[in-house]
file work-v1.txt (compact mmCIF, C-alpha atoms)
# COMPACT_ATOMS: atom_id res chain seq x y z
CA MET A 1444 196.22 50.99 -42.03
CA LYS A 1445 198.51 49.02 -39.80
CA LYS A 1446 198.91 51.48 -36.99
CA PRO A 1447 195.29 51.93 -35.87
CA LEU A 1448 194.79 48.16 -35.80
CA LEU A 1449 197.89 47.74 -33.69
CA ARG A 1450 196.77 50.50 -31.38
CA ARG A 1451 193.32 49.00 -31.11
CA LEU A 1452 194.73 45.59 -30.24
CA LYS A 1453 197.08 47.07 -27.71
CA GLY A 1454 194.25 49.10 -26.21
CA ARG A 1455 192.09 46.02 -25.87
CA ARG A 1456 194.83 44.07 -24.18
CA VAL A 1457 195.44 46.93 -21.76
CA ASP A 1458 191.71 47.11 -21.07
CA GLU A 1459 191.54 43.43 -20.24
CA MET A 1460 194.59 43.63 -18.05
CA ASP A 1461 193.26 46.69 -16.31
CA SER A 1462 189.78 45.36 -15.74
CA ILE A 1463 190.52 43.94 -12.28
CA THR A 1464 192.30 47.07 -11.12
CA SER A 1465 189.59 49.30 -12.58
CA VAL A 1466 186.88 47.32 -10.78
CA ALA A 1467 188.84 47.61 -7.54
CA ALA A 1468 189.40 51.33 -8.12
CA PHE A 1469 185.70 51.87 -8.73
CA TYR A 1470 184.67 50.17 -5.50
CA ILE A 1471 187.36 51.92 -3.44
CA LEU A 1472 186.36 55.32 -4.88
CA ALA A 1473 182.66 54.58 -4.36
CA ALA A 1474 183.31 53.59 -0.74
CA ILE A 1475 185.28 56.82 -0.17
CA ILE A 1476 182.55 58.93 -1.78
CA ILE A 1477 179.60 57.36 0.03
CA GLY A 1478 181.42 57.15 3.38
CA SER A 1479 182.54 60.75 3.41
CA ALA A 1480 179.15 61.94 2.11
CA ILE A 1481 177.55 60.20 5.10
CA ALA A 1482 180.15 61.86 7.34
CA VAL A 1483 179.18 65.25 5.83
CA ILE A 1484 175.62 64.92 7.07
CA ALA A 1485 176.34 62.97 10.27
CA LEU A 1486 179.08 65.04 11.94
CA LYS A 1487 178.11 67.70 14.44
CA ASN A 1488 180.94 70.14 13.70
CA LEU A 1489 180.31 72.06 10.50
CA VAL A 1490 184.02 72.58 9.73
CA HIS A 1491 184.62 68.81 9.87
CA SER A 1492 181.67 68.39 7.51
CA VAL A 1493 183.34 70.69 4.98
CA LEU A 1494 186.58 68.71 5.30
CA PHE A 1495 184.74 65.50 4.41
CA LEU A 1496 182.95 67.39 1.63
CA ALA A 1497 186.37 68.11 0.08
CA ILE A 1498 187.24 64.40 0.33
CA THR A 1499 183.94 63.56 -1.41
CA PHE A 1500 184.78 65.98 -4.24
CA LEU A 1501 188.24 64.47 -4.67
CA GLY A 1502 186.73 61.00 -4.86
CA ILE A 1503 184.29 62.20 -7.51
CA ALA A 1504 187.27 63.61 -9.43
CA GLY A 1505 188.75 60.11 -9.32
CA ILE A 1506 185.50 58.70 -10.73
CA PHE A 1507 185.69 61.27 -13.55
CA MET A 1508 189.25 60.11 -14.30
CA GLN A 1509 187.99 56.56 -14.50
CA LEU A 1510 185.27 57.69 -16.92
CA SER A 1511 188.09 59.18 -19.07
CA ALA A 1512 186.91 62.74 -18.51
CA ASP A 1513 190.30 64.07 -17.39
CA PHE A 1514 189.56 67.74 -18.10
CA LEU A 1515 186.42 67.56 -15.95
CA ALA A 1516 188.37 65.84 -13.17
CA MET A 1517 190.77 68.81 -13.10
CA VAL A 1518 187.84 71.26 -13.17
CA GLN A 1519 186.24 69.33 -10.31
CA ILE A 1520 189.39 69.60 -8.19
CA LEU A 1521 189.90 73.30 -8.98
CA VAL A 1522 186.31 74.51 -8.71
CA TYR A 1523 184.79 72.23 -6.07
CA ALA A 1524 187.61 71.00 -3.86
CA GLY A 1525 189.38 74.37 -4.14
CA ALA A 1526 187.02 77.28 -4.60
CA VAL A 1527 183.67 76.06 -3.30
CA CYS A 1528 185.07 74.49 -0.12
CA ILE A 1529 187.09 77.60 0.74
CA MET A 1530 184.08 79.83 0.08
CA VAL A 1531 181.85 77.66 2.28
CA VAL A 1532 184.46 77.81 5.07
CA PHE A 1533 184.44 81.62 4.78
CA GLY A 1534 180.66 81.58 4.99
CA ILE A 1535 180.78 79.41 8.12
CA MET A 1536 183.36 81.63 9.80
CA LEU A 1537 181.26 84.73 9.10
CA THR A 1538 177.99 83.27 10.39
CA GLN A 1539 178.88 81.27 13.51
CA ARG A 1540 178.76 82.74 16.98
CA GLY A 1541 180.20 80.86 19.93
CA GLY A 1542 181.73 77.42 19.52
CA MET A 1543 181.77 75.18 16.46
CA SER A 1544 181.14 71.99 18.40
CA ASN A 1545 177.37 71.86 17.88
CA SER A 1546 177.06 73.89 14.71
CA ASN A 1547 175.55 71.19 12.45
CA LEU A 1548 172.59 69.62 14.21
CA PHE A 1549 169.51 67.81 12.93
CA ASN A 1550 166.05 69.36 12.94
CA LYS A 1551 162.87 67.71 14.15
CA GLN A 1552 161.95 65.87 10.95
CA VAL A 1553 164.83 63.35 11.03
CA PHE A 1554 162.75 60.18 11.05
CA ALA A 1555 160.06 61.29 8.58
CA SER A 1556 162.68 62.54 6.10
CA GLY A 1557 164.82 59.47 6.66
CA GLY A 1558 161.88 57.24 5.79
CA VAL A 1559 161.14 59.18 2.61
CA VAL A 1560 164.77 59.05 1.48
CA ALA A 1561 165.16 55.36 2.33
CA LEU A 1562 162.13 54.63 0.18
CA LEU A 1563 163.61 56.74 -2.63
CA ILE A 1564 166.94 54.86 -2.44
CA ALA A 1565 165.13 51.51 -2.51
CA VAL A 1566 163.05 52.48 -5.56
CA ILE A 1567 165.98 53.97 -7.51
CA VAL A 1568 168.38 51.10 -6.79
CA PHE A 1569 165.70 48.52 -7.58
CA PHE A 1570 164.89 50.03 -10.95
CA GLY A 1571 168.53 50.88 -11.65
CA VAL A 1572 169.65 47.29 -11.16
CA ARG A 1573 166.63 45.77 -12.86
CA SER A 1574 166.69 47.90 -16.01
CA GLY A 1575 170.05 46.22 -16.67
CA SER A 1576 171.05 46.63 -20.27
CA TRP A 1577 171.75 50.04 -21.75
CA ALA A 1578 172.64 50.38 -25.42
CA VAL A 1579 176.34 50.61 -24.56
CA SER A 1580 178.52 51.95 -27.36
CA ALA A 1581 181.69 49.99 -28.13
CA VAL A 1582 183.65 53.10 -29.19
CA ALA A 1583 186.24 54.45 -26.77
CA VAL A 1584 186.25 58.08 -25.68
CA PRO A 1585 188.77 60.07 -27.78
CA GLN A 1586 192.04 60.85 -26.05
CA ASP A 1587 191.94 64.60 -26.69
CA THR A 1588 188.98 65.54 -24.49
CA VAL A 1589 190.02 69.17 -24.01
CA GLY A 1590 190.33 69.81 -27.74
CA ASN A 1591 186.98 68.22 -28.52
CA ILE A 1592 185.21 70.08 -25.72
CA ALA A 1593 186.78 73.37 -26.83
CA ASP A 1594 185.72 72.85 -30.46
CA LEU A 1595 182.12 72.06 -29.48
CA MET A 1596 181.99 74.82 -26.90
CA LEU A 1597 182.95 77.52 -29.38
CA SER A 1598 180.93 76.21 -32.33
CA LYS A 1599 177.78 74.27 -31.56
CA TYR A 1600 177.30 75.33 -27.94
CA VAL A 1601 178.53 78.92 -28.22
CA ILE A 1602 175.24 80.49 -27.10
CA PRO A 1603 174.99 78.45 -23.86
CA PHE A 1604 178.68 79.23 -23.31
CA GLU A 1605 178.08 82.99 -23.54
CA LEU A 1606 174.97 82.66 -21.37
CA ALA A 1607 177.05 80.84 -18.73
CA ALA A 1608 179.52 83.73 -18.78
CA LEU A 1609 176.62 86.17 -18.36
CA LEU A 1610 175.23 84.05 -15.50
CA LEU A 1611 178.58 84.20 -13.68
CA LEU A 1612 178.73 87.98 -14.11
CA VAL A 1613 175.17 88.43 -12.82
CA ALA A 1614 175.86 86.11 -9.86
CA LEU A 1615 179.04 88.06 -9.04
CA ILE A 1616 177.21 91.40 -9.03
CA GLY A 1617 174.25 89.93 -7.17
CA ALA A 1618 176.46 88.44 -4.46
CA ILE A 1619 178.24 91.78 -3.95
CA VAL A 1620 174.93 93.67 -3.75
CA LEU A 1621 173.40 91.16 -1.33
CA ALA A 1622 176.37 90.91 0.99
CA LYS A 1623 177.16 94.65 1.02
CA GLU A 1624 176.73 96.50 4.30
CA VAL A 1625 173.26 98.05 4.53
CA LYS A 1626 173.33 101.69 5.58
CA ALA A 1627 171.18 102.49 8.60
CA LYS A 1628 168.60 105.14 7.82
CA MET B 182 183.20 44.58 -15.39
CA ILE B 183 181.99 48.01 -14.41
CA GLY B 184 179.05 49.19 -16.52
CA PRO B 185 176.76 52.21 -16.54
CA THR B 186 174.50 50.62 -13.92
CA HIS B 187 177.25 50.84 -11.30
CA TYR B 188 177.64 54.56 -11.89
CA VAL B 189 173.87 55.10 -11.89
CA VAL B 190 173.52 53.35 -8.54
CA LEU B 191 176.49 55.26 -7.08
CA SER B 192 175.04 58.58 -8.15
CA ALA B 193 171.57 57.60 -6.89
CA LEU B 194 173.06 56.84 -3.47
CA LEU B 195 174.98 60.14 -3.43
CA PHE B 196 171.86 62.06 -4.54
CA SER B 197 169.79 60.44 -1.79
CA ILE B 198 172.39 61.28 0.86
CA GLY B 199 172.35 64.89 -0.33
CA LEU B 200 168.55 64.98 -0.32
CA LEU B 201 168.49 63.56 3.21
CA GLY B 202 170.90 66.29 4.30
CA VAL B 203 168.76 69.01 2.72
CA LEU B 204 165.71 67.70 4.56
CA ILE B 205 167.14 67.12 8.03
CA LYS B 206 169.79 69.83 8.53
CA ARG B 207 169.17 72.86 10.70
CA ASN B 208 172.05 75.07 9.56
CA ALA B 209 171.54 76.96 6.29
CA VAL B 210 175.19 76.50 5.21
CA ALA B 211 174.86 72.73 5.72
CA VAL B 212 171.85 72.72 3.40
CA LEU B 213 173.94 74.49 0.72
CA ILE B 214 176.66 71.83 1.13
CA CYS B 215 174.11 69.05 0.64
CA ILE B 216 172.78 70.72 -2.53
CA GLU B 217 176.36 70.58 -3.84
CA LEU B 218 176.39 66.82 -3.16
CA MET B 219 173.19 66.42 -5.19
CA LEU B 220 174.62 68.41 -8.12
CA ASN B 221 177.75 66.25 -8.07
CA ALA B 222 175.63 63.11 -8.23
CA VAL B 223 174.00 64.51 -11.37
CA ASN B 224 177.45 65.16 -12.86
CA ILE B 225 178.52 61.54 -12.29
CA ASN B 226 175.39 60.41 -14.15
CA LEU B 227 175.98 62.78 -17.06
CA ILE B 228 179.60 61.78 -17.54
CA ALA B 229 178.89 58.05 -17.18
CA PHE B 230 176.24 58.21 -19.89
CA SER B 231 178.55 60.39 -21.99
CA LYS B 232 181.18 57.66 -21.86
CA TYR B 233 178.97 54.62 -22.35
CA ILE B 234 176.22 55.85 -24.70
CA THR B 235 177.63 58.74 -26.78
CA PRO B 236 181.43 58.57 -26.36
CA THR B 237 182.36 60.77 -29.31
CA ASP B 238 179.74 63.52 -28.92
CA PHE B 239 180.88 64.93 -25.53
CA ILE B 240 177.34 66.09 -24.79
CA GLY B 241 177.39 64.87 -21.20
CA GLN B 242 180.77 66.42 -20.46
CA ILE B 243 179.68 69.81 -21.84
CA PHE B 244 176.45 69.64 -19.86
CA SER B 245 178.33 68.91 -16.67
CA ILE B 246 180.60 71.91 -17.30
CA PHE B 247 177.44 74.03 -17.35
CA VAL B 248 176.18 72.30 -14.19
CA ILE B 249 179.48 73.15 -12.46
CA THR B 250 179.13 76.79 -13.61
CA VAL B 251 175.60 77.07 -12.25
CA ALA B 252 176.65 75.37 -8.99
CA ALA B 253 179.48 77.86 -8.46
CA ALA B 254 177.09 80.78 -9.06
CA GLU B 255 174.56 79.20 -6.73
CA VAL B 256 177.08 78.85 -3.88
CA GLY B 257 178.16 82.48 -4.24
CA VAL B 258 174.65 83.92 -4.24
CA GLY B 259 173.43 81.48 -1.56
CA LEU B 260 176.22 82.40 0.84
CA ALA B 261 175.59 86.12 0.20
CA ILE B 262 171.90 85.63 1.05
CA ILE B 263 172.82 83.69 4.21
CA ILE B 264 175.22 86.46 5.29
CA ALA B 265 172.57 89.11 4.63
CA ILE B 266 170.01 87.19 6.71
CA TYR B 267 172.57 86.63 9.47
CA ARG B 268 173.15 90.39 9.67
CA ASN B 269 169.46 90.94 10.44
CA LYS B 270 168.68 87.90 12.55
CA LEU B 271 172.07 86.92 14.09
CA SER B 272 171.32 83.28 13.35
CA VAL B 273 171.55 80.80 10.48
CA ASP B 274 169.03 78.35 11.95
CA LEU B 275 166.51 77.51 9.26
CA ASP B 276 163.76 76.89 11.83
CA GLU B 277 163.91 80.58 12.75
CA PHE B 278 163.53 81.86 9.17
CA ASP B 279 159.78 82.40 9.38
CA TRP B 280 159.30 85.99 8.24
CA LEU B 281 157.17 84.92 5.29
CA LYS B 282 154.74 82.97 7.48
CA TRP B 283 151.55 84.71 8.58
call {"tool": "encode", "arguments": {"input": "work-v1.txt", "output": "structure tokens"}}
result
Amino acid sequence: MKKPLLRRLKGRRVDEMDSITSVAAFYILAAIIIGSAIAVIALKNLVHSVLFLAITFLGIAGIFMQLSADFLAMVQILVYAGAVCIMVVFGIMLTQRGGMSNSNLFNKQVFASGGVVALLIAVIVFFGVRSGSWAVSAVAVPQDTVGNIADLMLSKYVIPFELAALLLLVALIGAIVLAKEVKAK
Amino acid sequence: MIGPTHYVVLSALLFSIGLLGVLIKRNAVAVLICIELMLNAVNINLIAFSKYITPTDFIGQIFSIFVITVAAAEVGVGLAIIIAIYRNKLSVDLDEFDWLKW
């Protein structure tokens, strides 16, 4: 009876103490994410774009940490910043002829698309800020995220889990078939 | 204090940057990269709502694991398609992919 109360009190005090640092961490991470995402689409060298893409993914992993999803932060670093970036670099190296310096240019619809997206940002941010109050739950996320995810994944969500495994197998075979050398007839 | 609105606005900005990249890029690999940015924006949303609305159910975190799975499969198949097209056309410029036009 005594211990949970103590822990709750301690947790609250830590939360209050951490609020300034967590606000600062959120804004620093958000600045890193948005800045390097803009660099991904603005740079002219595709390899530099992938470098900034990796930085974006690491920043998003930091945001996941802040949202107390530590398992997903690790998955983000392993799958996105590790595997996906390396695979994209392989794809670039196999499909670029000549220099890399102008490998990531804009097409002719820059201004029309930019207008559409600017409008979209304005609408989303306007409604996002205005809608204001969500029904925020006061309960904290349990510490043992991996255990909880594993329990749910193998009980309630076991069919989607098996389907995801099947999807990965099909994608693996499909990628091999598509990328295989075609024999000349 | 940081609430769900901050995360929603962050992920909306990231999604819009990714959408802009999909619309204005000429290189097919760059378009794949920007689709990854959009999927990551969705993941931020899912996990933020998982923390603030249903903290003990883990629905958002499980959903974002599935999103990551589908994104990994999508990158693999997408790059294989781009390599197969490059073998025929010797180019990855999306403006030149017009075989289906008539």
call {"tool": "interface_residues", "arguments": {"input": "work-v1.txt", "of": "chain A", "to": "chain B", "cutoff": "6 Å", "atoms": "only C-alpha atoms", "output": "list in words"}}
result
Ile1484, Asn1547, Leu1548, Phe1549, Asn1550, Val1553, Val1568, Val1579, Ser1580, Val1584, Leu1611, Ala1614, Ala1618, Leu1621 and Ala1622 of chain A
call {"tool": "closest_residue", "arguments": {"input": "work-v1.txt", "among": "A:Gln1552, A:Thr1499, A:Asn1488, A:Ser1465", "to": "Tyr1523 in chain A", "atoms": "only C-alpha atoms"}}
result
A:Thr1499
call {"tool": "atom_distance", "arguments": {"input": "work-v1.txt", "atom1": "CA of Leu1472 in chain A", "atom2": "CA of Ser1492 in chain A"}}
result
18.6 Å
call {"tool": "atom_distance", "arguments": {"input": "work-v1.txt", "atom1": "CA of Met1508 in chain A", "atom2": "CA of Phe1570 in chain A"}}
result
26.6 Å
call {"tool": "closest_residue", "arguments": {"input": "work-v1.txt", "among": "A:Thr1538, A:Ser1462, A:Ser1479, A:Ser1511", "to": "Thr1588 in chain A", "atoms": "all atoms listed in the file"}}
result
A:Ser1511
